[in-house]
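For reference, the structure discussed in these notes is given below.
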Amino acid sequence: PLKKDIIVSGNPYITDDYTNVTDRILSHVGKNLHLQQYHPLNLVYQRIVNYFYQSFLNARRNPIFSVYDNLAPVVSVNQNFDSLLIPTDHVSRSKSDCYYVNRNYLLRAHMTAHQSELLTAGLNNFLMVGDVYRRDEIDRTHYPVFHQVDAVRLKTRDEIFPNDNKLQIFEKDGNTESFGGQEKQSCHTLEAVKLMEHELKTTLEGLASHLFGNVKFRWVDTYFPFTQPSWELEVFYENEWLEVLGCGIMRQPILTNSGVKDRIGWAFGLGLERVAMCLYKITDIRTFWSQDSGFLSQFKTNDINKTIIYKPISQYPPCKCDVSFWLPENAEYSSNDFYDIVRSVGGEIVEQVQLIDNFTHPKTKKTSHCYRIVYRHMEKTLIQEEVNKVHQKIADAASLNLGVTLRQ
Ligand code: PHE
């Protein structure tokens, strides 16, 4: 088979049987919306950084957190998964969840991918901000490219127990094996973990009120392969509990593998779009990619803390079309494969794709899927004829590339 080079952020990569990035997805690389002046994602990003600058000062009253917002989005499988102790058979590694450049490289699925390299560089307090890529459903709150802020804070024994010289942060005979639950890691002392948990939670509650004002919040126990214990912070916003971030006490082998022997750490990761959608009342996540002045001009302010309520430029009517096909019998099929075809061919006019029927014929055992695609242009009214053409192209591309058989 022909080995083809692709260029991502200026570097060539040889494609292989793992390659599933599309030109459409690659067209987002380097856009760096979080760095664009007056962009809502940039406003939220700056507010978060300010909070950390104000909250953590050294003895000379200088901020101790450093910020990395320009790390290239192609990372190795080792960075995205192995260095974070994500098991080799974990679902998050699958081709149907990630955009692989080839077997060894992918577009990062989370900013946590850079944690180990920055620890190895010797940093103790840092923020990482950037674009992340995930194959996912298509609707008003999901887009395959979004932005995250991740943070790490490490502390020594003396920093955790400044007024005591007996208390320890590591158990003498504790190993670094994990229990997978809410239990602390056995290598840590309970008193150190409790103090770290307390600082982590008060920091993040403070961040939530810095962003949302006086809101109700709650902590929910959860699981991440790279933290233990782990929590999610939910905020009560417009009558529902909204998950805003994940966090926890860093698994100790991540630190030791990066050459850190005498510290324990906490970490968190948060989605910028989620926060910006709530803060500015933006209802469709595709809006962030608009370079239309009707959108951008509403965020043109030099006061990053200003209250802004986004007024949709206008809502144009949607156009719905269905497509049904039999799934291939001797090949793998995942709905995410179809979603990427829809994205590549339909582009920005696709608002949502729903699997509305999933049927297996009792005799032939063949399975058929029916998807409803909602088309809506952000800046004009779509004509049915125009939509039909795109819809037909999507159906043709699916039958050509996925081995599905179109029905009717
Ligand atoms: N990487 C996690 C995510 O993308 C968030 C996270 C970061 C959780 C750091 C814990 C610690 O969902």
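FYI, nothing fancy with the structure tokens labels: chains A, B, ... in order, residues from 1 per chain, ligands from 1 as they appear.
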
Using only C-alpha atoms and all ligand atoms, which residues of chain A come within 8 Å of ligand 1, and what is the closest atom pair for each, with the distance in Å to one decimal? Give it as a tab-separated table, sorted by chain and residue number.
```
residue	atom	partner	partner_atom_place_in_ligand_line	distance
A:Ala109	CA	ligand 1	4 (O)	7.1
A:His110	CA	ligand 1	4 (O)	4.8
A:Met111	CA	ligand 1	1 (N)	6.4
A:Thr112	CA	ligand 1	1 (N)	5.1
A:Ala113	CA	ligand 1	1 (N)	7.9
A:Gln148	CA	ligand 1	4 (O)	7.7
A:Asp150	CA	ligand 1	7 (C)	5.9
A:Ala151	CA	ligand 1	9 (C)	7.0
A:Val152	CA	ligand 1	9 (C)	7.8
A:Phe224	CA	ligand 1	10 (C)	6.2
A:Phe226	CA	ligand 1	11 (C)	6.7
A:Thr227	CA	ligand 1	10 (C)	5.9
A:Ser230	CA	ligand 1	10 (C)	6.8
A:Trp231	CA	ligand 1	10 (C)	7.8
A:Leu245	CA	ligand 1	5 (C)	6.7
A:Gly246	CA	ligand 1	8 (C)	4.1
A:Cys247	CA	ligand 1	10 (C)	3.7
A:Gly248	CA	ligand 1	10 (C)	5.4
A:Ile249	CA	ligand 1	11 (C)	7.8
A:Met250	CA	ligand 1	11 (C)	7.2
A:Trp266	CA	ligand 1	11 (C)	7.5
A:Ala267	CA	ligand 1	11 (C)	4.5
A:Phe268	CA	ligand 1	9 (C)	3.7
A:Gly269	CA	ligand 1	7 (C)	3.7
A:Leu270	CA	ligand 1	5 (C)	6.4
A:Gly271	CA	ligand 1	4 (O)	7.9
```

Only N, CA and C atoms, please: the residues just picked out, written as an mmCIF file, in the first residue's frame.
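Result file follows (out.cif):
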```
data_model
loop_
_atom_site.group_PDB
_atom_site.id
_atom_site.type_symbol
_atom_site.label_atom_id
_atom_site.label_comp_id
_atom_site.auth_asym_id
_atom_site.auth_seq_id
_atom_site.Cartn_x
_atom_site.Cartn_y
_atom_site.Cartn_z
ATOM 1 N N ALA A 109 -6.215 14.213 23.019
ATOM 2 C CA ALA A 109 -7.612 14.101 23.418
ATOM 3 C C ALA A 109 -7.870 14.870 24.708
ATOM 4 N N HIS A 110 -6.802 15.287 25.379
ATOM 5 C CA HIS A 110 -6.930 16.142 26.567
ATOM 6 C C HIS A 110 -5.601 16.868 26.803
ATOM 7 N N MET A 111 -5.658 17.982 27.511
ATOM 8 C CA MET A 111 -4.433 18.739 27.782
ATOM 9 C C MET A 111 -3.531 18.011 28.780
ATOM 10 N N THR A 112 -4.108 17.066 29.512
ATOM 11 C CA THR A 112 -3.334 16.278 30.462
ATOM 12 C C THR A 112 -2.172 15.554 29.761
ATOM 13 N N ALA A 113 -2.267 15.390 28.442
ATOM 14 C CA ALA A 113 -1.205 14.747 27.657
ATOM 15 C C ALA A 113 0.160 15.403 27.880
ATOM 16 N N GLN A 148 -9.335 23.165 26.408
ATOM 17 C CA GLN A 148 -9.270 22.827 27.833
ATOM 18 C C GLN A 148 -8.185 23.629 28.541
ATOM 19 N N ASP A 150 -5.859 22.822 31.841
ATOM 20 C CA ASP A 150 -5.453 21.813 32.809
ATOM 21 C C ASP A 150 -4.478 22.467 33.776
ATOM 22 N N ALA A 151 -4.437 21.978 35.002
ATOM 23 C CA ALA A 151 -3.481 22.546 35.959
ATOM 24 C C ALA A 151 -2.858 21.452 36.802
ATOM 25 N N VAL A 152 -1.651 21.733 37.290
ATOM 26 C CA VAL A 152 -0.946 20.843 38.207
ATOM 27 C C VAL A 152 -0.352 21.691 39.324
ATOM 28 N N PHE A 224 -10.670 8.630 37.350
ATOM 29 C CA PHE A 224 -9.762 8.883 36.233
ATOM 30 C C PHE A 224 -8.557 7.972 36.445
ATOM 31 N N PHE A 226 -5.578 8.627 36.021
ATOM 32 C CA PHE A 226 -4.368 9.365 36.429
ATOM 33 C C PHE A 226 -4.510 10.100 37.750
ATOM 34 N N THR A 227 -5.659 10.020 38.400
ATOM 35 C CA THR A 227 -5.799 10.629 39.727
ATOM 36 C C THR A 227 -6.527 9.654 40.652
ATOM 37 N N SER A 230 -10.581 10.875 42.887
ATOM 38 C CA SER A 230 -10.961 11.786 41.811
ATOM 39 C C SER A 230 -12.363 12.333 42.059
ATOM 40 N N TRP A 231 -12.572 13.572 41.620
ATOM 41 C CA TRP A 231 -13.877 14.212 41.794
ATOM 42 C C TRP A 231 -14.266 15.005 40.557
ATOM 43 N N LEU A 245 -15.789 20.436 35.662
ATOM 44 C CA LEU A 245 -14.390 20.006 35.619
ATOM 45 C C LEU A 245 -14.163 18.681 36.331
ATOM 46 N N GLY A 246 -13.016 18.056 36.008
ATOM 47 C CA GLY A 246 -12.575 16.826 36.663
ATOM 48 C C GLY A 246 -11.257 17.098 37.361
ATOM 49 N N CYS A 247 -11.032 16.423 38.495
ATOM 50 C CA CYS A 247 -9.800 16.695 39.244
ATOM 51 C C CYS A 247 -9.477 15.544 40.179
ATOM 52 N N GLY A 248 -8.328 15.642 40.829
ATOM 53 C CA GLY A 248 -7.983 14.622 41.807
ATOM 54 C C GLY A 248 -6.552 14.729 42.282
ATOM 55 N N ILE A 249 -6.176 13.776 43.148
ATOM 56 C CA ILE A 249 -4.802 13.678 43.640
ATOM 57 C C ILE A 249 -4.022 12.842 42.621
ATOM 58 N N MET A 250 -2.928 13.393 42.114
ATOM 59 C CA MET A 250 -2.193 12.736 41.029
ATOM 60 C C MET A 250 -1.653 11.380 41.461
ATOM 61 N N TRP A 266 -1.840 17.780 43.084
ATOM 62 C CA TRP A 266 -3.227 17.717 42.610
ATOM 63 C C TRP A 266 -3.290 18.263 41.190
ATOM 64 N N ALA A 267 -4.354 17.876 40.466
ATOM 65 C CA ALA A 267 -4.490 18.293 39.064
ATOM 66 C C ALA A 267 -5.965 18.426 38.741
ATOM 67 N N PHE A 268 -6.262 19.260 37.751
ATOM 68 C CA PHE A 268 -7.641 19.303 37.252
ATOM 69 C C PHE A 268 -7.648 19.652 35.773
ATOM 70 N N GLY A 269 -8.800 19.401 35.127
ATOM 71 C CA GLY A 269 -8.973 19.763 33.723
ATOM 72 C C GLY A 269 -10.384 20.277 33.517
ATOM 73 N N LEU A 270 -10.515 21.341 32.727
ATOM 74 C CA LEU A 270 -11.806 22.004 32.556
ATOM 75 C C LEU A 270 -12.008 22.398 31.100
ATOM 76 N N GLY A 271 -13.249 22.296 30.600
ATOM 77 C CA GLY A 271 -13.547 22.653 29.215
ATOM 78 C C GLY A 271 -13.947 24.114 29.104
#
```

Inset, instruction - Find the residues around region 4-16 of chain A up to 10 Å (only C-alpha atoms counted), leave out those fewer than 4 positions away in its own chain, and share them as an MDAnalysis selection string. - result: chainID A and resid 20:21 23 26:27 29:30 72:74 100:105 107

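Neighbours of Leu35 (chain A) closer than or equal to 9 Å, with only C-alpha atoms counted and sequence neighbours fewer than 3 positions away skipped, come out as Lys31, Asn32, Tyr38, His39, Leu41, Asn42, Tyr45, Asp69, Asn70 and Gly130 of chain A.
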
Written selection (N, CA and C atoms) as an mmCIF file, in the first residue's frame:
```cif
data_model
loop_
_atom_site.group_PDB
_atom_site.id
_atom_site.type_symbol
_atom_site.label_atom_id
_atom_site.label_comp_id
_atom_site.auth_asym_id
_atom_site.auth_seq_id
_atom_site.Cartn_x
_atom_site.Cartn_y
_atom_site.Cartn_z
ATOM 1 N N LYS A 31 -5.618 27.127 14.580
ATOM 2 C CA LYS A 31 -6.560 28.254 14.685
ATOM 3 C C LYS A 31 -6.411 28.964 16.038
ATOM 4 N N ASN A 32 -6.089 28.199 17.076
ATOM 5 C CA ASN A 32 -5.821 28.770 18.404
ATOM 6 C C ASN A 32 -6.822 29.841 18.839
ATOM 7 N N TYR A 38 -10.078 39.180 22.047
ATOM 8 C CA TYR A 38 -11.520 39.443 22.140
ATOM 9 C C TYR A 38 -12.396 38.231 21.830
ATOM 10 N N HIS A 39 -11.795 37.070 21.609
ATOM 11 C CA HIS A 39 -12.632 35.879 21.409
ATOM 12 C C HIS A 39 -13.170 35.446 22.777
ATOM 13 N N LEU A 41 -13.557 32.622 24.127
ATOM 14 C CA LEU A 41 -12.725 31.595 24.775
ATOM 15 C C LEU A 41 -11.471 32.220 25.368
ATOM 16 N N ASN A 42 -10.973 33.272 24.708
ATOM 17 C CA ASN A 42 -9.813 33.982 25.243
ATOM 18 C C ASN A 42 -10.176 34.754 26.507
ATOM 19 N N TYR A 45 -10.418 32.187 29.280
ATOM 20 C CA TYR A 45 -9.054 31.739 29.562
ATOM 21 C C TYR A 45 -8.320 32.763 30.437
ATOM 22 N N ASP A 69 0.435 27.900 26.726
ATOM 23 C CA ASP A 69 -0.771 27.949 25.894
ATOM 24 C C ASP A 69 -0.463 27.774 24.416
ATOM 25 N N ASN A 70 0.764 27.323 24.134
ATOM 26 C CA ASN A 70 1.149 27.221 22.728
ATOM 27 C C ASN A 70 1.825 25.887 22.434
ATOM 28 N N GLY A 130 -5.157 24.730 25.631
ATOM 29 C CA GLY A 130 -5.073 24.456 24.199
ATOM 30 C C GLY A 130 -6.274 23.723 23.651
#
```

Determine, counting only C-alpha atoms, which protein, DNA and RNA residues have an atom within 9 Å of an atom of Pro317 (chain A); residues of the same chain fewer than 6 positions away are not included. Present the result as an mmCIF file with C-alpha atoms, in the first residue's frame.
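Final file, out-v6.cif:
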```cif
data_model
loop_
_atom_site.group_PDB
_atom_site.id
_atom_site.type_symbol
_atom_site.label_atom_id
_atom_site.label_comp_id
_atom_site.auth_asym_id
_atom_site.auth_seq_id
_atom_site.Cartn_x
_atom_site.Cartn_y
_atom_site.Cartn_z
ATOM 1 C CA TYR A 375 -28.884 21.080 8.645
ATOM 2 C CA ARG A 376 -28.836 24.720 9.659
ATOM 3 C CA HIS A 377 -26.668 27.526 8.401
ATOM 4 C CA LYS A 380 -28.446 32.343 6.055
ATOM 5 C CA THR A 381 -31.575 30.336 5.216
ATOM 6 C CA LEU A 382 -30.793 27.020 3.551
#
```

Legend entry - Residues of region 207-365 of chain A in strand (DSSP E), written as a ChimeraX atom specification: /A:217-224,227-237,240-250,263-271,319-326,350-360

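Closest approach to Asp284 (chain A) among A:Lys311, A:Arg47, A:Arg407, A:Lys172 is made by A:Lys311 (distances from only C-alpha atoms).
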